[in-house]
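Below: query_25.cif (mmCIF, C-alpha atoms and all ligand atoms)
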data_work
#
loop_
_atom_site.label_atom_id
_atom_site.label_comp_id
_atom_site.auth_asym_id
_atom_site.auth_seq_id
_atom_site.Cartn_x
_atom_site.Cartn_y
_atom_site.Cartn_z
CA MET A 1 -71.22 25.87 -9.60
CA LYS A 2 -69.72 27.53 -12.65
CA ALA A 3 -71.20 27.43 -16.15
CA ALA A 4 -68.04 25.61 -17.26
CA ASP A 5 -68.92 22.70 -14.91
CA LEU A 6 -72.38 22.08 -16.38
CA PRO A 7 -72.90 18.92 -18.42
CA THR A 8 -73.89 19.68 -22.00
CA PRO A 9 -76.11 20.22 -23.84
CA CYS A 10 -77.99 22.57 -21.54
CA ALA A 11 -79.95 25.80 -21.77
CA LEU A 12 -78.36 28.93 -20.29
CA VAL A 13 -80.18 32.08 -19.21
CA ASP A 14 -78.17 35.22 -18.49
CA LEU A 15 -80.07 36.80 -15.60
CA ASP A 16 -78.44 40.25 -15.86
CA VAL A 17 -79.57 40.45 -19.49
CA VAL A 18 -83.11 39.22 -18.70
CA GLU A 19 -83.40 41.88 -15.99
CA ARG A 20 -82.19 44.55 -18.41
CA ASN A 21 -84.53 43.40 -21.22
CA THR A 22 -87.61 43.25 -18.97
CA ALA A 23 -86.87 46.64 -17.37
CA ARG A 24 -86.40 48.26 -20.78
CA MET A 25 -89.70 46.98 -22.15
CA ALA A 26 -91.56 48.09 -19.00
CA GLU A 27 -90.03 51.57 -19.47
CA ARG A 28 -90.99 51.61 -23.16
CA ALA A 29 -94.60 50.72 -22.37
CA ALA A 30 -94.76 53.46 -19.74
CA ALA A 31 -93.15 56.01 -22.09
CA LEU A 32 -95.58 55.10 -24.89
CA GLY A 33 -98.54 55.34 -22.49
CA VAL A 34 -99.82 51.76 -22.80
CA ARG A 35 -100.30 48.84 -20.43
CA LEU A 36 -97.74 46.03 -20.79
CA ARG A 37 -99.46 42.64 -21.00
CA PRO A 38 -96.32 40.61 -21.74
CA HIS A 39 -96.46 37.25 -23.48
CA VAL A 40 -94.92 34.46 -21.39
CA LYS A 41 -94.73 31.86 -24.17
CA THR A 42 -90.98 32.28 -24.79
CA HIS A 43 -89.80 31.12 -21.33
CA LYS A 44 -93.03 29.69 -19.81
CA CYS A 45 -91.65 29.98 -16.30
CA LEU A 46 -92.63 31.82 -13.17
CA GLU A 47 -89.41 33.67 -12.42
CA ALA A 48 -89.20 35.36 -15.83
CA ALA A 49 -92.91 36.23 -15.80
CA ARG A 50 -92.52 37.90 -12.40
CA LEU A 51 -89.71 40.05 -13.82
CA GLN A 52 -91.96 40.97 -16.77
CA VAL A 53 -94.85 42.13 -14.55
CA ARG A 54 -92.61 43.55 -11.81
CA GLY A 55 -93.95 41.16 -9.17
CA MET A 56 -97.64 41.88 -9.93
CA ARG A 57 -100.30 39.19 -10.57
CA GLY A 58 -100.60 40.09 -14.23
CA PRO A 59 -101.68 41.07 -16.75
CA ILE A 60 -100.06 38.43 -18.95
CA THR A 61 -100.61 36.77 -22.32
CA VAL A 62 -100.31 32.99 -22.78
CA SER A 63 -100.20 30.72 -25.82
CA THR A 64 -101.47 27.47 -24.25
CA LEU A 65 -104.08 26.51 -21.68
CA ALA A 66 -101.30 24.66 -19.80
CA GLU A 67 -99.56 28.04 -19.36
CA ALA A 68 -102.87 29.62 -18.28
CA ARG A 69 -103.40 26.90 -15.64
CA PHE A 70 -99.80 27.09 -14.44
CA PHE A 71 -99.84 30.86 -14.00
CA ALA A 72 -103.35 30.80 -12.47
CA ASP A 73 -102.04 28.29 -9.91
CA GLU A 74 -99.28 30.78 -9.08
CA GLY A 75 -101.78 33.57 -8.44
CA PHE A 76 -101.82 35.37 -11.80
CA ASP A 77 -105.38 36.63 -12.20
CA ASP A 78 -105.54 38.55 -15.49
CA ILE A 79 -104.71 36.36 -18.48
CA THR A 80 -105.26 36.64 -22.24
CA TYR A 81 -105.19 33.30 -24.03
CA ALA A 82 -103.94 34.55 -27.40
CA VAL A 83 -104.79 31.63 -29.67
CA ALA A 84 -108.31 31.20 -31.07
CA VAL A 85 -110.48 28.83 -29.04
CA ALA A 86 -110.64 25.15 -30.04
CA PRO A 87 -114.11 23.87 -29.10
CA SER A 88 -112.69 20.63 -27.62
CA ARG A 89 -110.96 22.77 -24.94
CA LEU A 90 -114.12 24.50 -23.68
CA PRO A 91 -114.18 22.45 -20.43
CA ASP A 92 -110.62 23.64 -19.57
CA ILE A 93 -111.50 27.21 -20.50
CA ARG A 94 -114.66 27.12 -18.36
CA ASP A 95 -112.65 25.84 -15.43
CA LEU A 96 -110.12 28.67 -15.82
CA VAL A 97 -112.82 31.34 -16.13
CA LYS A 98 -114.03 30.32 -12.67
CA ARG A 99 -110.51 30.48 -11.19
CA VAL A 100 -109.13 33.83 -12.38
CA ASP A 101 -110.56 37.35 -12.23
CA ARG A 102 -110.16 37.81 -15.95
CA LEU A 103 -109.56 35.35 -18.77
CA ASN A 104 -109.71 36.94 -22.22
CA LEU A 105 -110.35 34.77 -25.29
CA LEU A 106 -109.88 35.49 -29.00
CA VAL A 107 -112.51 35.02 -31.70
CA ASP A 108 -112.53 35.75 -35.42
CA HIS A 109 -115.19 33.34 -36.74
CA PRO A 110 -118.97 33.00 -36.31
CA GLY A 111 -118.58 29.24 -35.73
CA THR A 112 -116.41 29.91 -32.66
CA ILE A 113 -118.90 32.46 -31.39
CA ASP A 114 -121.72 29.87 -31.78
CA ARG A 115 -119.77 27.31 -29.75
CA LEU A 116 -118.81 29.82 -27.03
CA GLU A 117 -122.38 31.13 -26.73
CA ASP A 118 -123.85 27.61 -26.52
CA ASP A 119 -121.34 26.62 -23.88
CA ALA A 120 -121.83 29.83 -21.87
CA ARG A 121 -125.64 29.43 -21.96
CA HIS A 122 -125.50 25.77 -21.00
CA HIS A 123 -123.11 26.33 -18.08
CA GLY A 124 -124.24 29.77 -16.95
CA VAL A 125 -120.89 31.50 -17.50
CA LEU A 126 -119.82 34.71 -19.25
CA TYR A 127 -116.84 34.74 -21.61
CA ARG A 128 -114.72 37.85 -22.16
CA VAL A 129 -113.62 38.05 -25.78
CA PHE A 130 -111.40 40.10 -28.07
CA LEU A 131 -112.15 40.26 -31.78
CA GLU A 132 -108.87 39.36 -33.48
CA VAL A 133 -107.99 41.55 -36.44
CA ASP A 134 -105.48 40.92 -39.21
CA CYS A 135 -103.12 43.93 -39.51
CA GLY A 136 -101.09 42.40 -42.36
CA TYR A 137 -99.62 39.14 -41.02
CA HIS A 138 -102.42 37.07 -42.62
CA ARG A 139 -102.29 34.27 -40.03
CA ALA A 140 -105.52 34.89 -38.13
CA GLY A 141 -108.03 37.67 -37.56
CA VAL A 142 -110.76 39.37 -39.50
CA ASP A 143 -110.08 41.63 -42.46
CA PRO A 144 -110.60 45.06 -40.87
CA MET A 145 -112.21 46.46 -44.04
CA SER A 146 -114.69 43.61 -44.54
CA SER A 147 -118.42 43.63 -43.87
CA ASP A 148 -117.96 40.28 -42.05
CA ALA A 149 -115.76 42.03 -39.48
CA LEU A 150 -118.49 44.57 -38.71
CA GLU A 151 -121.12 41.83 -38.55
CA LEU A 152 -119.04 39.80 -36.07
CA ALA A 153 -118.37 42.86 -33.93
CA ASN A 154 -122.11 43.71 -33.89
CA ARG A 155 -122.93 40.17 -32.91
CA LEU A 156 -120.41 40.25 -30.06
CA ALA A 157 -121.58 43.67 -28.88
CA SER A 158 -125.17 42.45 -28.58
CA SER A 159 -124.38 39.01 -27.12
CA LYS A 160 -125.77 38.25 -23.65
CA ARG A 161 -123.14 35.59 -23.00
CA LEU A 162 -120.00 37.07 -24.52
CA GLU A 163 -118.54 40.37 -23.36
CA LEU A 164 -116.60 42.21 -26.05
CA GLN A 165 -113.46 43.70 -24.47
CA GLY A 166 -111.98 45.17 -27.61
CA ILE A 167 -109.79 44.26 -30.56
CA LEU A 168 -106.40 42.59 -30.75
CA THR A 169 -103.72 42.08 -33.39
CA HIS A 170 -100.21 40.63 -33.75
CA ALA A 171 -97.83 42.00 -36.39
CA GLY A 172 -95.96 38.73 -37.02
CA HIS A 173 -95.02 40.02 -40.48
CA ALA A 174 -92.52 42.32 -38.73
CA TYR A 175 -90.19 39.28 -38.78
CA ALA A 176 -89.84 39.69 -42.56
CA SER A 177 -88.19 43.11 -41.97
CA ARG A 178 -84.58 43.69 -42.98
CA ASN A 179 -83.71 46.50 -40.60
CA ALA A 180 -84.98 48.77 -37.83
CA ASP A 181 -86.58 51.25 -40.25
CA GLU A 182 -88.65 48.51 -41.83
CA ILE A 183 -89.73 47.33 -38.38
CA ARG A 184 -90.75 50.91 -37.49
CA ARG A 185 -92.92 51.00 -40.61
CA VAL A 186 -94.65 47.71 -39.65
CA ALA A 187 -95.17 49.09 -36.12
CA ALA A 188 -96.89 52.17 -37.56
CA GLN A 189 -99.02 49.96 -39.82
CA GLU A 190 -99.97 47.69 -36.88
CA ARG A 191 -101.13 50.73 -34.92
CA ASP A 192 -102.86 52.48 -37.84
CA VAL A 193 -104.80 49.42 -39.02
CA THR A 194 -105.91 48.59 -35.49
CA ILE A 195 -106.95 52.07 -34.39
CA GLY A 196 -108.61 52.56 -37.80
CA PHE A 197 -110.66 49.41 -37.21
CA ALA A 198 -111.52 50.52 -33.66
CA GLN A 199 -112.79 53.81 -35.10
CA ARG A 200 -114.86 51.98 -37.74
CA LEU A 201 -116.53 49.95 -34.99
CA ARG A 202 -117.10 53.02 -32.80
CA ASP A 203 -118.66 54.85 -35.74
CA ALA A 204 -121.07 51.91 -35.99
CA GLY A 205 -122.01 52.40 -32.33
CA ILE A 206 -119.91 49.54 -30.95
CA SER A 207 -117.95 50.22 -27.78
CA VAL A 208 -114.26 49.26 -28.08
CA SER A 209 -112.46 49.72 -24.77
CA GLU A 210 -109.27 47.81 -25.47
CA VAL A 211 -106.94 48.05 -28.46
CA SER A 212 -104.20 45.45 -28.01
CA VAL A 213 -101.15 45.16 -30.29
CA GLY A 214 -97.73 43.67 -30.14
CA SER A 215 -94.81 41.65 -31.31
CA THR A 216 -91.26 41.99 -30.03
CA PRO A 217 -89.85 43.73 -33.12
CA THR A 218 -92.68 46.28 -33.35
CA MET A 219 -92.77 46.98 -29.61
CA CYS A 220 -88.99 47.44 -29.46
CA LEU A 221 -89.17 50.12 -32.14
CA ALA A 222 -92.67 51.64 -32.16
CA GLU A 223 -92.47 55.41 -31.90
CA ASP A 224 -96.11 56.27 -31.27
CA LEU A 225 -98.95 54.11 -29.90
CA THR A 226 -101.63 56.79 -29.66
CA GLY A 227 -105.03 55.07 -29.60
CA VAL A 228 -103.59 51.74 -28.40
CA THR A 229 -104.30 50.59 -24.83
CA GLU A 230 -101.91 47.64 -24.38
CA MET A 231 -98.86 45.90 -25.87
CA ARG A 232 -98.08 42.16 -25.79
CA PRO A 233 -94.43 41.46 -26.71
CA GLY A 234 -92.92 38.21 -25.39
CA ASN A 235 -89.69 37.18 -27.09
CA TYR A 236 -87.87 40.31 -25.80
CA VAL A 237 -87.20 38.58 -22.46
CA PHE A 238 -84.64 36.33 -24.17
CA PHE A 239 -84.35 37.76 -27.71
CA ASP A 240 -82.37 35.56 -30.16
CA ALA A 241 -80.18 35.52 -33.26
CA PHE A 242 -83.19 36.31 -35.49
CA GLN A 243 -84.13 39.45 -33.53
CA ALA A 244 -80.51 40.62 -33.62
CA ALA A 245 -80.35 40.05 -37.40
CA ILE A 246 -83.44 42.12 -38.20
CA GLY A 247 -82.50 44.94 -35.80
CA SER A 248 -84.88 44.48 -32.84
CA CYS A 249 -81.90 44.17 -30.49
CA ALA A 250 -78.12 43.84 -30.31
CA VAL A 251 -76.38 40.45 -30.05
CA ASP A 252 -75.46 41.43 -26.45
CA ASP A 253 -79.17 41.58 -25.58
CA VAL A 254 -79.66 37.86 -26.26
CA ALA A 255 -80.19 36.23 -22.85
CA PHE A 256 -80.82 32.62 -23.91
CA SER A 257 -78.22 30.26 -25.32
CA ILE A 258 -77.32 26.62 -25.57
CA ALA A 259 -74.11 25.21 -24.15
CA ALA A 260 -72.78 22.55 -26.53
CA GLU A 261 -69.52 20.65 -26.62
CA VAL A 262 -67.12 19.67 -29.39
CA ILE A 263 -67.42 15.91 -29.89
CA GLY A 264 -65.73 15.54 -33.29
CA GLN A 265 -63.13 17.15 -35.57
CA TYR A 266 -63.01 16.37 -39.31
CA PRO A 267 -60.13 18.43 -40.74
CA ALA A 268 -60.41 16.89 -44.20
CA GLN A 269 -63.89 18.42 -44.48
CA ASN A 270 -63.16 21.49 -42.29
CA ARG A 271 -65.98 20.39 -39.96
CA LEU A 272 -66.57 20.26 -36.22
CA LEU A 273 -69.28 18.22 -34.54
CA VAL A 274 -71.12 19.37 -31.37
CA ASN A 275 -73.50 17.44 -29.13
CA ALA A 276 -76.57 19.63 -29.69
CA GLY A 277 -78.87 19.20 -32.64
CA ALA A 278 -82.43 19.88 -33.68
CA LEU A 279 -83.74 18.78 -30.26
CA ALA A 280 -81.80 21.66 -28.70
CA PHE A 281 -82.04 24.42 -31.33
CA SER A 282 -85.25 23.46 -33.18
CA LYS A 283 -84.92 23.75 -36.94
CA ASP A 284 -85.93 27.36 -37.24
CA PRO A 285 -84.00 28.54 -40.32
CA GLY A 286 -83.44 32.03 -38.90
CA ALA A 287 -83.31 35.30 -40.80
CA CYS A 288 -82.39 33.64 -44.09
CA HIS A 289 -84.14 36.46 -45.98
CA LEU A 290 -81.06 38.47 -44.93
CA ASP A 291 -78.39 35.78 -45.12
CA ALA A 292 -79.22 32.49 -46.84
CA SER A 293 -76.28 30.79 -45.14
CA CYS A 294 -76.90 32.11 -41.61
CA GLY A 295 -77.08 28.60 -40.17
CA TYR A 296 -78.81 27.71 -36.90
CA GLY A 297 -77.21 30.10 -34.44
CA ILE A 298 -74.42 32.47 -33.41
CA VAL A 299 -71.35 30.63 -32.06
CA GLN A 300 -69.49 32.16 -29.10
CA SER A 301 -67.05 31.05 -26.41
CA LEU A 302 -68.81 29.57 -23.36
CA ASP A 303 -68.42 32.79 -21.36
CA GLY A 304 -69.90 34.78 -24.25
CA ARG A 305 -66.86 37.08 -24.38
CA ALA A 306 -65.40 35.84 -27.66
CA SER A 307 -67.46 35.34 -30.79
CA TYR A 308 -66.53 33.14 -33.71
CA PRO A 309 -68.20 34.92 -36.64
CA ASP A 310 -66.60 32.54 -39.14
CA LEU A 311 -68.05 29.41 -37.47
CA ARG A 312 -71.38 28.41 -38.96
CA LEU A 313 -73.73 25.81 -37.46
CA PHE A 314 -74.84 24.68 -40.89
CA SER A 315 -76.55 21.34 -40.27
CA LEU A 316 -78.60 19.78 -37.49
CA SER A 317 -79.71 16.21 -37.02
CA GLN A 318 -81.53 15.05 -33.90
CA GLU A 319 -78.57 15.21 -31.49
CA HIS A 320 -75.70 16.37 -33.74
CA GLY A 321 -74.77 19.84 -34.85
CA GLN A 322 -72.23 20.36 -37.65
CA ILE A 323 -70.10 23.48 -37.73
CA THR A 324 -67.97 24.67 -40.62
CA SER A 325 -66.10 27.81 -41.63
CA ASP A 326 -65.05 29.60 -44.82
CA ARG A 327 -61.55 29.67 -43.30
CA PRO A 328 -59.53 26.67 -42.07
CA ILE A 329 -60.83 25.87 -38.56
CA ALA A 330 -58.31 26.49 -35.74
CA TRP A 331 -58.31 22.87 -34.49
CA SER A 332 -55.99 23.45 -31.54
CA GLU A 333 -58.29 26.21 -30.18
CA LEU A 334 -61.33 23.94 -30.36
CA PRO A 335 -60.22 20.52 -29.07
CA ILE A 336 -62.63 17.72 -28.15
CA GLY A 337 -64.49 18.79 -24.99
CA THR A 338 -64.45 22.52 -25.80
CA LYS A 339 -67.71 24.02 -24.57
CA LEU A 340 -69.36 26.65 -26.73
CA ARG A 341 -72.26 29.03 -26.19
CA ILE A 342 -74.59 29.13 -29.20
CA LEU A 343 -77.38 31.72 -29.51
CA PRO A 344 -80.29 30.03 -31.28
CA ASN A 345 -82.24 31.50 -34.16
CA HIS A 346 -85.54 31.35 -32.29
CA SER A 347 -85.37 31.29 -28.49
CA CYS A 348 -89.09 30.42 -28.05
CA LEU A 349 -88.66 27.15 -29.96
CA ALA A 350 -85.19 26.33 -28.60
CA ALA A 351 -86.24 26.95 -24.98
CA ALA A 352 -89.19 24.60 -25.53
CA CYS A 353 -86.67 21.78 -26.14
CA PHE A 354 -85.44 21.91 -22.50
CA ASP A 355 -86.95 20.75 -19.19
CA CYS A 356 -85.07 23.43 -17.27
CA TYR A 357 -82.82 26.44 -17.78
CA GLU A 358 -79.53 27.03 -15.92
CA VAL A 359 -79.62 30.64 -14.75
CA LEU A 360 -76.30 32.50 -14.71
CA ARG A 361 -74.90 35.67 -13.19
CA GLY A 362 -71.63 36.06 -15.05
CA ASP A 363 -70.11 32.58 -15.05
CA GLN A 364 -71.87 31.42 -11.84
CA VAL A 365 -74.95 29.21 -11.93
CA VAL A 366 -77.32 30.93 -9.47
CA ASP A 367 -80.67 29.24 -10.13
CA ARG A 368 -82.54 26.71 -12.22
CA TRP A 369 -85.92 27.63 -13.78
CA HIS A 370 -88.57 25.04 -14.63
CA PRO A 371 -90.93 25.93 -17.50
CA VAL A 372 -94.43 24.52 -17.97
CA ARG A 373 -94.81 22.25 -21.00
CA GLY A 374 -97.69 20.78 -22.96
CA TRP A 375 -101.04 22.18 -23.97
C1 LIG A 401 -101.13 36.78 -30.53
C2 LIG A 401 -99.72 37.05 -30.15
N1 LIG A 401 -99.44 38.13 -29.40
C3 LIG A 401 -98.17 38.43 -29.03
C4 LIG A 401 -97.11 37.65 -29.44
C5 LIG A 401 -95.71 38.01 -29.00
O1 LIG A 401 -94.91 38.33 -30.08
P1 LIG A 401 -93.31 38.08 -30.06
O2 LIG A 401 -93.10 36.62 -30.06
O3 LIG A 401 -92.83 38.76 -31.29
O4 LIG A 401 -92.82 38.71 -28.81
C6 LIG A 401 -97.37 36.53 -30.23
C7 LIG A 401 -96.27 35.67 -30.70
O5 LIG A 401 -96.41 34.78 -31.47
C8 LIG A 401 -98.69 36.21 -30.59
O6 LIG A 401 -98.98 35.16 -31.36
#

Just dump the structure as structure tokens.
Amino acid sequence: MKAADLPTPCALVDLDVVERNTARMAERAAALGVRLRPHVKTHKCLEAARLQVRGMRGPITVSTLAEARFFADEGFDDITYAVAVAPSRLPDIRDLVKRVDRLNLLVDHPGTIDRLEDDARHHGVLYRVFLEVDCGYHRAGVDPMSSDALELANRLASSKRLELQGILTHAGHAYASRNADEIRRVAAQERDVTIGFAQRLRDAGISVSEVSVGSTPTMCLAEDLTGVTEMRPGNYVFFDAFQAAIGSCAVDDVAFSIAAEVIGQYPAQNRLLVNAGALAFSKDPGACHLDASCGYGIVQSLDGRASYPDLRLFSLSQEHGQITSDRPIAWSELPIGTKLRILPNHSCLAAACFDCYEVLRGDQVVDRWHPVRGW
């Protein structure tokens, strides 16, 4: 089947580009001297994860316990669950700990440590944990300069039920960058804060074996990861319009797109309507710190060869997308039924809107990938 024959809306994955993106990141990790523990949360499917780990059984990073279970079922045996533990999920976590060689958990609060220790004591298990550190994103993690951070690390180091593996951070604030130089500066900060914290703990007599960092922007552009042991980028498998805008990648590196079809023309308002809305693209506003009118994606021809820089997907409702232009739209070039390829702002959220992805080599559909959903 050809891409042009697919009913719309549907999610497209360009396999050549995924292979190139995954190979490049593996080469970067090797060149920088760190282990690649890729995040699988962007695609959540087996085929892409296998490309990320080059056919190995890990290591990987997951964002849900559903992903952890899914990949454990497929033989992955070294998994970091990179969201702080919710106590109500301890039974699922316990079950997973028994099924894989290594399940790493994140902690940054004494209350979580209490719950994990109680559970481990009660059920006779040992939990491997990373102390999450805030390198500037301010979403989660301990303040690396605080006395609380040292106290927590000491508590973990002396725990009989929790095994401290090391420290972990995520430089999500790299997404506020405006260009590659700014990303490089955040990458250096991510490394410096984290290795500085590791040194502070070591000076206090605490053993820190692992120093784990990573976001896609910082790992695409980091120049030196001395002192770091592993990187955890994830979005780089697909990339998206946001990553291209801030300079993590080129538009040609974006492997995930949505095929949508023209279902309305409104010349009086210079507007086109397509059959993909917020339940296909999500409502991620994109890199609007760079361009307030960037809209919800980059519009291209279905084969990706022609781009329409003047067409702007400016409004989404549940199943409708509205496109306009600063110039008069060329109505005869975009009749009803025209299929378009639209690169979403945030591929992790857009991919999560679909039950399956149509996998393309050129214009041929060669496979269909089925992601795991839920929590
Ligand atoms: C803890 C953690 N590590 C790694 C990543 C991967 O970062 P990116 O999505 O920029 O590839 C994320 C993404 O949210 C994350 O939350």

Axis-aligned box for ligand LIG 401 (chain A), 8 Å per side, centre and edges in Å as JSON:
{"center_x": -97.0, "center_y": 36.8, "center_z": -30.1, "size_x": 24.3, "size_y": 20.0, "size_z": 18.7}

Counting all atoms listed in the file, which residues in chain A sit no more than 10 Å from ligand LIG 401 (chain A)? For each one, give the nearest pair of atoms and the distance in Å, sorted by chain then residue number, as CSV.
residue,atom,partner,partner_atom,distance
A:Arg37,CA,A:LIG401,C3,9.2
A:Pro38,CA,A:LIG401,C5,7.7
A:His39,CA,A:LIG401,C5,5.6
A:Val40,CA,A:LIG401,C5,8.4
A:Lys41,CA,A:LIG401,C7,7.7
A:Thr42,CA,A:LIG401,O2,7.1
A:Thr61,CA,A:LIG401,N1,7.3
A:Val62,CA,A:LIG401,N1,8.4
A:Ser63,CA,A:LIG401,O6,7.2
A:Thr80,CA,A:LIG401,C1,9.3
A:Tyr81,CA,A:LIG401,C1,8.4
A:Ala82,CA,A:LIG401,C1,4.8
A:Val83,CA,A:LIG401,C1,6.4
A:Ala84,CA,A:LIG401,C1,9.1
A:Leu106,CA,A:LIG401,C1,9.0
A:Glu132,CA,A:LIG401,C1,8.7
A:Arg139,CA,A:LIG401,O6,9.3
A:Ala140,CA,A:LIG401,C1,9.0
A:Gly141,CA,A:LIG401,C1,9.9
A:Leu168,CA,A:LIG401,C1,7.8
A:Thr169,CA,A:LIG401,C1,6.6
A:His170,CA,A:LIG401,N1,5.1
A:Ala171,CA,A:LIG401,O3,7.8
A:Gly172,CA,A:LIG401,O3,6.5
A:His173,CA,A:LIG401,O3,9.5
A:Ala174,CA,A:LIG401,O3,8.3
A:Tyr175,CA,A:LIG401,O3,8.0
A:Ser212,CA,A:LIG401,N1,8.8
A:Val213,CA,A:LIG401,N1,7.3
A:Gly214,CA,A:LIG401,C3,5.4
A:Ser215,CA,A:LIG401,O3,3.5
A:Thr216,CA,A:LIG401,O3,3.8
A:Pro217,CA,A:LIG401,O3,6.1
A:Thr218,CA,A:LIG401,O3,7.8
A:Met219,CA,A:LIG401,O4,8.3
A:Cys220,CA,A:LIG401,O4,9.6
A:Met231,CA,A:LIG401,C3,8.1
A:Arg232,CA,A:LIG401,C3,4.9
A:Pro233,CA,A:LIG401,O4,3.8
A:Gly234,CA,A:LIG401,O4,3.5
A:Asn235,CA,A:LIG401,O4,3.9
A:Tyr236,CA,A:LIG401,O4,6.0
A:Val237,CA,A:LIG401,O4,8.5
A:Phe238,CA,A:LIG401,O4,9.7
A:Phe239,CA,A:LIG401,O4,8.6
A:Gln243,CA,A:LIG401,O3,9.0
A:Ser248,CA,A:LIG401,O3,9.9
A:His346,CA,A:LIG401,O2,9.5
A:Ser347,CA,A:LIG401,O2,9.5
A:Cys348,CA,A:LIG401,O2,7.7

* Which residues, written as a list of chain:residue names, have at least one atom at most 8 Å from region 112-124 of chain A, with only C-alpha atoms counted and residues fewer than 4 positions away on the same chain left out? -> A:Val85, A:Ala86, A:Pro87, A:Leu90, A:Val107, A:Asp108, A:Arg161, A:Leu162

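As for CA of Gln165 (chain A) and CA of Val208 (chain A), they are spaced 6.7 Å apart.
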
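With CA of Val365 (chain A) on one side and CA of Leu302 (chain A) on the other, the separation reads 13.0 Å.
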
* To one decimal in Å, tell me the separation between CA of Asn104 (chain A) and CA of Arg128 (chain A). => 5.1 Å

* Mind checking which residues fall within 12 Å of Arg50 (chain A), counting all atoms listed in the file, ignoring those fewer than 4 positions away in the same chain, and posting them as a PyMOL selection string? => chain A and resi 18-19+22-23+38-40+43-46+54-60+71+74-76+237

* To do: Pull the neighbourhood of (-81.2, 35.6, -21.4) for me: all residues within 7 Å in file coordinates, counting all atoms listed in the file, as a VMD selection string.
  => chain A and resid 13 to 15 17 to 18 237 to 238 254 to 256

* Spatial neighbours of region 190-193 of chain A, max dist 9 Å, all atoms listed in the file, sep filter under 2 positions, as JSON, numbers by chain -> {"A": [133, 134, 135, 136, 144, 169, 170, 171, 185, 186, 187, 188, 195, 196, 197, 198, 213, 214, 218, 222, 224, 225, 226, 227, 228]}

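Using all atoms listed in the file, every residue with an atom at most 9 Å from the point (-66.6, 33.0, -20.2) is listed here: Ala3, Ala4, Ser301, Leu302, Asp303, Gly304, Arg305, Ala306, Gly362 and Asp363 of chain A.
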
* For region 368-372 of chain A, list every protein, DNA or RNA residue within 7 Å, evaluated using only C-alpha atoms, and leave out those in the same chain fewer than 3 positions away; present the list as a ChimeraX atom specification. => /A:43-45,67,70,355-359

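The smallest atom-to-atom distance between Asp240 (chain A) and any of A:Gly297, A:Arg24, A:Thr338, A:Leu6, using all atoms listed in the file, is found for A:Gly297.
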
* Please provide the set of residues having any atom within 7 Å of region 323-336 of chain A, restricted to all atoms listed in the file, with same-chain residues fewer than 2 positions apart removed, written as a PyMOL selection string. => chain A and resi 262-264+270-273+310-314+321+338

* Asked: Looking at A:Tyr296, A:Ser317, A:Thr8, A:Ala280, which one is nearest to Cys353 (chain A), with distances taken over all atoms listed in the file?
  -> A:Ala280
